[in-house]
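Note: the block below is upload.txt and it holds compact mmCIF, N, CA and C atoms.
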# COMPACT_ATOMS: atom_id res chain seq x y z
N MET A 55 0.85 -1.18 0.00
CA MET A 55 0.00 0.00 0.00
C MET A 55 0.89 1.24 0.00
N SER A 56 0.59 2.16 -0.89
CA SER A 56 1.42 3.36 -0.98
C SER A 56 1.05 4.34 0.13
N HIS A 57 1.91 5.33 0.33
CA HIS A 57 1.66 6.38 1.32
C HIS A 57 0.33 7.08 1.03
N HIS A 58 0.05 7.34 -0.27
CA HIS A 58 -1.18 8.01 -0.66
C HIS A 58 -2.40 7.18 -0.26
N ASP A 59 -2.35 5.86 -0.44
CA ASP A 59 -3.47 5.00 -0.09
C ASP A 59 -3.78 5.06 1.39
N LYS A 60 -2.77 5.09 2.23
CA LYS A 60 -2.97 5.12 3.68
C LYS A 60 -3.59 6.44 4.11
N ASP A 61 -3.31 7.53 3.40
CA ASP A 61 -3.81 8.85 3.75
C ASP A 61 -5.18 9.14 3.14
N HIS A 62 -5.67 8.28 2.26
CA HIS A 62 -6.92 8.53 1.58
C HIS A 62 -8.10 8.48 2.55
N VAL A 63 -8.93 9.53 2.52
CA VAL A 63 -10.14 9.58 3.32
C VAL A 63 -11.29 9.84 2.36
N PRO A 64 -12.16 8.83 2.14
CA PRO A 64 -13.28 9.04 1.22
C PRO A 64 -14.27 10.06 1.78
N MET A 65 -14.90 10.79 0.90
CA MET A 65 -15.89 11.78 1.30
C MET A 65 -17.18 11.05 1.72
N PRO A 66 -18.01 11.71 2.56
CA PRO A 66 -19.26 11.09 3.02
C PRO A 66 -20.24 10.83 1.87
N LEU A 67 -21.18 9.93 2.07
CA LEU A 67 -22.15 9.56 1.05
C LEU A 67 -23.05 10.71 0.62
N ASN A 68 -23.22 11.72 1.47
CA ASN A 68 -24.09 12.85 1.10
C ASN A 68 -23.34 13.95 0.35
N THR A 69 -22.09 13.70 -0.05
CA THR A 69 -21.29 14.68 -0.78
C THR A 69 -21.88 14.94 -2.17
N PRO A 70 -22.19 16.21 -2.49
CA PRO A 70 -22.69 16.51 -3.84
C PRO A 70 -21.56 16.46 -4.86
N ALA A 71 -21.88 16.00 -6.06
CA ALA A 71 -20.90 15.91 -7.13
C ALA A 71 -21.63 16.11 -8.46
N PHE A 72 -20.89 16.07 -9.54
CA PHE A 72 -21.47 16.18 -10.88
C PHE A 72 -21.07 14.94 -11.68
N SER A 73 -21.92 14.54 -12.62
CA SER A 73 -21.59 13.40 -13.47
C SER A 73 -21.48 13.87 -14.92
N CYS A 74 -20.72 13.13 -15.70
CA CYS A 74 -20.47 13.46 -17.10
C CYS A 74 -21.24 12.52 -18.01
N THR A 75 -22.00 13.07 -18.95
CA THR A 75 -22.73 12.22 -19.90
C THR A 75 -21.79 11.65 -20.95
N GLY A 76 -20.63 12.25 -21.14
CA GLY A 76 -19.69 11.79 -22.15
C GLY A 76 -18.95 10.52 -21.75
N CYS A 77 -18.43 10.51 -20.51
CA CYS A 77 -17.60 9.37 -20.12
C CYS A 77 -18.04 8.71 -18.81
N GLY A 78 -19.03 9.29 -18.13
CA GLY A 78 -19.52 8.68 -16.91
C GLY A 78 -18.74 9.04 -15.66
N ALA A 79 -17.73 9.87 -15.80
CA ALA A 79 -16.92 10.25 -14.64
C ALA A 79 -17.73 11.13 -13.70
N VAL A 80 -17.29 11.19 -12.44
CA VAL A 80 -17.87 12.11 -11.47
C VAL A 80 -16.79 13.07 -11.02
N ALA A 81 -17.22 14.27 -10.58
CA ALA A 81 -16.26 15.29 -10.15
C ALA A 81 -16.95 16.23 -9.16
N LEU A 82 -16.14 16.88 -8.35
CA LEU A 82 -16.66 17.84 -7.39
C LEU A 82 -17.07 19.14 -8.07
N ASN A 83 -16.47 19.45 -9.21
CA ASN A 83 -16.71 20.70 -9.91
C ASN A 83 -17.19 20.40 -11.33
N ALA A 84 -18.31 20.96 -11.74
CA ALA A 84 -18.85 20.71 -13.09
C ALA A 84 -17.87 21.14 -14.18
N ASP A 85 -17.06 22.15 -13.91
CA ASP A 85 -16.08 22.62 -14.90
C ASP A 85 -14.98 21.59 -15.16
N SER A 86 -14.89 20.57 -14.32
CA SER A 86 -13.88 19.53 -14.51
C SER A 86 -14.32 18.47 -15.52
N LEU A 87 -15.57 18.53 -15.94
CA LEU A 87 -16.12 17.51 -16.84
C LEU A 87 -16.35 18.08 -18.24
N CYS A 88 -16.27 17.21 -19.25
CA CYS A 88 -16.47 17.69 -20.62
C CYS A 88 -17.95 17.90 -20.93
N GLN A 89 -18.83 17.06 -20.36
CA GLN A 89 -20.27 17.17 -20.62
C GLN A 89 -21.04 16.96 -19.32
N PRO A 90 -21.04 17.95 -18.41
CA PRO A 90 -21.74 17.78 -17.13
C PRO A 90 -23.23 17.49 -17.35
N ALA A 91 -23.73 16.46 -16.65
CA ALA A 91 -25.12 16.06 -16.80
C ALA A 91 -26.00 16.63 -15.71
N GLY A 92 -25.44 16.91 -14.58
CA GLY A 92 -26.23 17.41 -13.47
C GLY A 92 -25.63 16.97 -12.16
N ARG A 93 -26.30 17.38 -11.11
CA ARG A 93 -25.80 17.11 -9.76
C ARG A 93 -26.28 15.76 -9.26
N VAL A 94 -25.39 15.05 -8.61
CA VAL A 94 -25.70 13.76 -7.98
C VAL A 94 -25.07 13.78 -6.58
N ARG A 95 -25.34 12.75 -5.82
CA ARG A 95 -24.69 12.59 -4.51
C ARG A 95 -23.86 11.31 -4.57
N LYS A 96 -22.83 11.26 -3.78
CA LYS A 96 -21.97 10.08 -3.76
C LYS A 96 -22.80 8.82 -3.50
N SER A 97 -23.85 8.93 -2.70
CA SER A 97 -24.69 7.76 -2.40
C SER A 97 -25.41 7.23 -3.63
N ASP A 98 -25.50 8.04 -4.71
CA ASP A 98 -26.15 7.59 -5.94
C ASP A 98 -25.34 6.52 -6.67
N TRP A 99 -24.03 6.46 -6.44
CA TRP A 99 -23.21 5.46 -7.13
C TRP A 99 -22.37 4.61 -6.20
N CYS A 100 -22.03 5.11 -5.03
CA CYS A 100 -21.12 4.39 -4.15
C CYS A 100 -21.73 3.06 -3.69
N GLY A 101 -20.98 1.99 -3.85
CA GLY A 101 -21.44 0.68 -3.42
C GLY A 101 -22.16 -0.10 -4.49
N THR A 102 -22.34 0.48 -5.68
CA THR A 102 -22.96 -0.25 -6.78
C THR A 102 -21.94 -0.41 -7.90
N GLU A 103 -22.04 -1.49 -8.62
CA GLU A 103 -21.11 -1.73 -9.72
C GLU A 103 -21.35 -0.72 -10.83
N SER A 104 -20.29 -0.15 -11.35
CA SER A 104 -20.38 0.82 -12.44
C SER A 104 -20.62 0.07 -13.75
N ILE A 105 -21.46 0.67 -14.62
CA ILE A 105 -21.59 0.10 -15.95
C ILE A 105 -20.30 0.40 -16.69
N ASP A 106 -20.06 -0.29 -17.78
CA ASP A 106 -18.81 -0.08 -18.52
C ASP A 106 -18.77 1.33 -19.09
N MET A 107 -17.88 2.13 -18.56
CA MET A 107 -17.69 3.49 -19.03
C MET A 107 -16.31 3.59 -19.66
N PRO A 108 -16.14 4.49 -20.63
CA PRO A 108 -14.81 4.68 -21.19
C PRO A 108 -13.84 5.08 -20.08
N PRO A 109 -12.66 4.49 -20.04
CA PRO A 109 -11.71 4.83 -18.98
C PRO A 109 -11.08 6.20 -19.18
N PHE A 110 -11.29 6.81 -20.33
CA PHE A 110 -10.71 8.12 -20.61
C PHE A 110 -11.80 9.06 -21.09
N CYS A 111 -11.58 10.32 -20.91
CA CYS A 111 -12.51 11.35 -21.36
C CYS A 111 -12.66 11.25 -22.88
N LEU A 112 -13.89 11.21 -23.35
CA LEU A 112 -14.13 11.09 -24.79
C LEU A 112 -13.60 12.28 -25.57
N ASN A 113 -13.52 13.42 -24.91
CA ASN A 113 -13.00 14.62 -25.57
C ASN A 113 -11.53 14.86 -25.25
N ASP A 114 -10.88 13.89 -24.64
CA ASP A 114 -9.47 14.02 -24.25
C ASP A 114 -9.22 15.24 -23.37
N ARG A 115 -10.21 15.62 -22.59
CA ARG A 115 -10.06 16.82 -21.75
C ARG A 115 -9.16 16.55 -20.55
N HIS A 116 -9.27 15.34 -20.01
CA HIS A 116 -8.52 15.02 -18.79
C HIS A 116 -7.66 13.79 -19.00
N THR A 117 -6.46 13.83 -18.48
CA THR A 117 -5.61 12.66 -18.55
C THR A 117 -5.49 11.99 -17.18
N LEU A 118 -5.57 12.77 -16.10
CA LEU A 118 -5.46 12.18 -14.77
C LEU A 118 -6.85 11.85 -14.25
N ARG A 119 -7.11 10.57 -14.08
CA ARG A 119 -8.39 10.09 -13.59
C ARG A 119 -8.14 8.97 -12.60
N TYR A 120 -9.15 8.68 -11.81
CA TYR A 120 -9.08 7.61 -10.83
C TYR A 120 -10.22 6.64 -11.06
N ARG A 121 -9.98 5.37 -10.75
CA ARG A 121 -11.00 4.33 -10.84
C ARG A 121 -11.11 3.69 -9.46
N CYS A 122 -12.34 3.44 -9.03
CA CYS A 122 -12.54 2.79 -7.74
C CYS A 122 -12.26 1.30 -7.88
N LYS A 123 -11.42 0.78 -7.01
CA LYS A 123 -11.09 -0.65 -7.04
C LYS A 123 -12.29 -1.51 -6.69
N LYS A 124 -13.26 -0.95 -5.97
CA LYS A 124 -14.45 -1.72 -5.57
C LYS A 124 -15.51 -1.80 -6.66
N CYS A 125 -15.85 -0.64 -7.27
CA CYS A 125 -17.00 -0.62 -8.18
C CYS A 125 -16.65 -0.26 -9.63
N GLY A 126 -15.46 0.28 -9.86
CA GLY A 126 -15.06 0.63 -11.22
C GLY A 126 -15.43 2.04 -11.65
N ARG A 127 -16.09 2.81 -10.79
CA ARG A 127 -16.48 4.18 -11.12
C ARG A 127 -15.25 5.03 -11.41
N ILE A 128 -15.35 5.90 -12.41
CA ILE A 128 -14.27 6.81 -12.79
C ILE A 128 -14.54 8.17 -12.17
N SER A 129 -13.49 8.82 -11.67
CA SER A 129 -13.64 10.14 -11.06
C SER A 129 -12.42 11.00 -11.36
N ILE A 130 -12.67 12.30 -11.42
CA ILE A 130 -11.59 13.28 -11.53
C ILE A 130 -10.96 13.49 -10.15
N ASP A 131 -11.78 13.34 -9.10
CA ASP A 131 -11.37 13.60 -7.72
C ASP A 131 -11.31 12.30 -6.92
N ALA A 132 -10.13 11.90 -6.49
CA ALA A 132 -9.95 10.65 -5.74
C ALA A 132 -10.82 10.56 -4.49
N PRO A 133 -11.05 11.65 -3.74
CA PRO A 133 -11.86 11.53 -2.52
C PRO A 133 -13.32 11.12 -2.76
N LEU A 134 -13.78 11.18 -4.00
CA LEU A 134 -15.14 10.73 -4.29
C LEU A 134 -15.25 9.21 -4.37
N LEU A 135 -14.11 8.53 -4.34
CA LEU A 135 -14.08 7.07 -4.47
C LEU A 135 -13.63 6.42 -3.16
N CYS A 136 -14.13 5.22 -2.90
CA CYS A 136 -13.76 4.51 -1.67
C CYS A 136 -12.33 4.00 -1.72
N GLU A 137 -11.96 3.40 -2.86
CA GLU A 137 -10.62 2.83 -3.03
C GLU A 137 -10.05 3.27 -4.38
N PRO A 138 -9.59 4.54 -4.48
CA PRO A 138 -9.12 5.05 -5.77
C PRO A 138 -7.76 4.49 -6.18
N GLU A 139 -7.63 4.32 -7.50
CA GLU A 139 -6.33 4.00 -8.10
C GLU A 139 -6.23 4.83 -9.36
N LYS A 140 -5.03 5.30 -9.67
CA LYS A 140 -4.85 6.11 -10.87
C LYS A 140 -5.10 5.25 -12.10
N VAL A 141 -5.80 5.84 -13.08
CA VAL A 141 -6.00 5.18 -14.36
C VAL A 141 -4.80 5.52 -15.22
N PRO A 142 -4.17 4.52 -15.82
CA PRO A 142 -3.01 4.82 -16.67
C PRO A 142 -3.37 5.78 -17.80
N VAL A 143 -2.47 6.70 -18.10
CA VAL A 143 -2.67 7.67 -19.16
C VAL A 143 -2.51 6.96 -20.49
N LYS A 144 -3.48 7.19 -21.41
CA LYS A 144 -3.37 6.53 -22.72
C LYS A 144 -2.25 7.16 -23.53
N GLU A 145 -1.69 6.38 -24.37
CA GLU A 145 -0.58 6.84 -25.21
C GLU A 145 -1.09 7.64 -26.38
Same coordinates, now as structure tokens:
Amino acid sequence: MSHHDKDHVPMPLNTPAFSCTGCGAVALNADSLCQPAGRVRKSDWCGTESIDMPPFCLNDRHTLRYRCKKCGRISIDAPLLCEPEKVPVKE
């Protein structure tokens, strides 16, 4: 386990976030997404398996993303995930 993993503190389930219609990612700030769909709460996705979403932004807007080791959800912000891991940057 890396130093970052030990320091990770997931945000509470009532944390508001935004979701992207383009790639399915979630973020704390709508400006971080290429196609913000609207406001959601962490409880809307946390603990459920994510449907297959593209691992990268469809518009190539973001290269640094995180995937939850538990459910597969993609996020711009690691604290929105229970067990975040960096998604490798595509070549």
inquiry  = Residues near region 134-139 of chain A, anyone? I mean within 6.5 Å using only N, CA and C atoms, not counting same-chain ones fewer than 5 positions away, as a ChimeraX atom specification.
reply    = /A:64-65,119-124
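Take the candidates A:Ala132, A:Ser97, A:Pro142, A:Asp85 and check each one against Asn68 (chain A) using all atoms listed in the file; the shortest distance goes to A:Ser97.
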ask   = Interatomic distance between CA of Arg93 (chain A) and atom N of Leu118 (chain A)?
value =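 Atom-to-atom, CA of Arg93 (chain A) to atom N of Leu118 (chain A), that is 21.6 Å.
Take CA of Ile128 (chain A) and CA of Gly78 (chain A): the distance between them is 6.9 Å.
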request  = Work out how far apart atom C of Thr69 (chain A) and atom C of Lys96 (chain A) are and give it in Å to one decimal.
outcome  = 6.3 Å
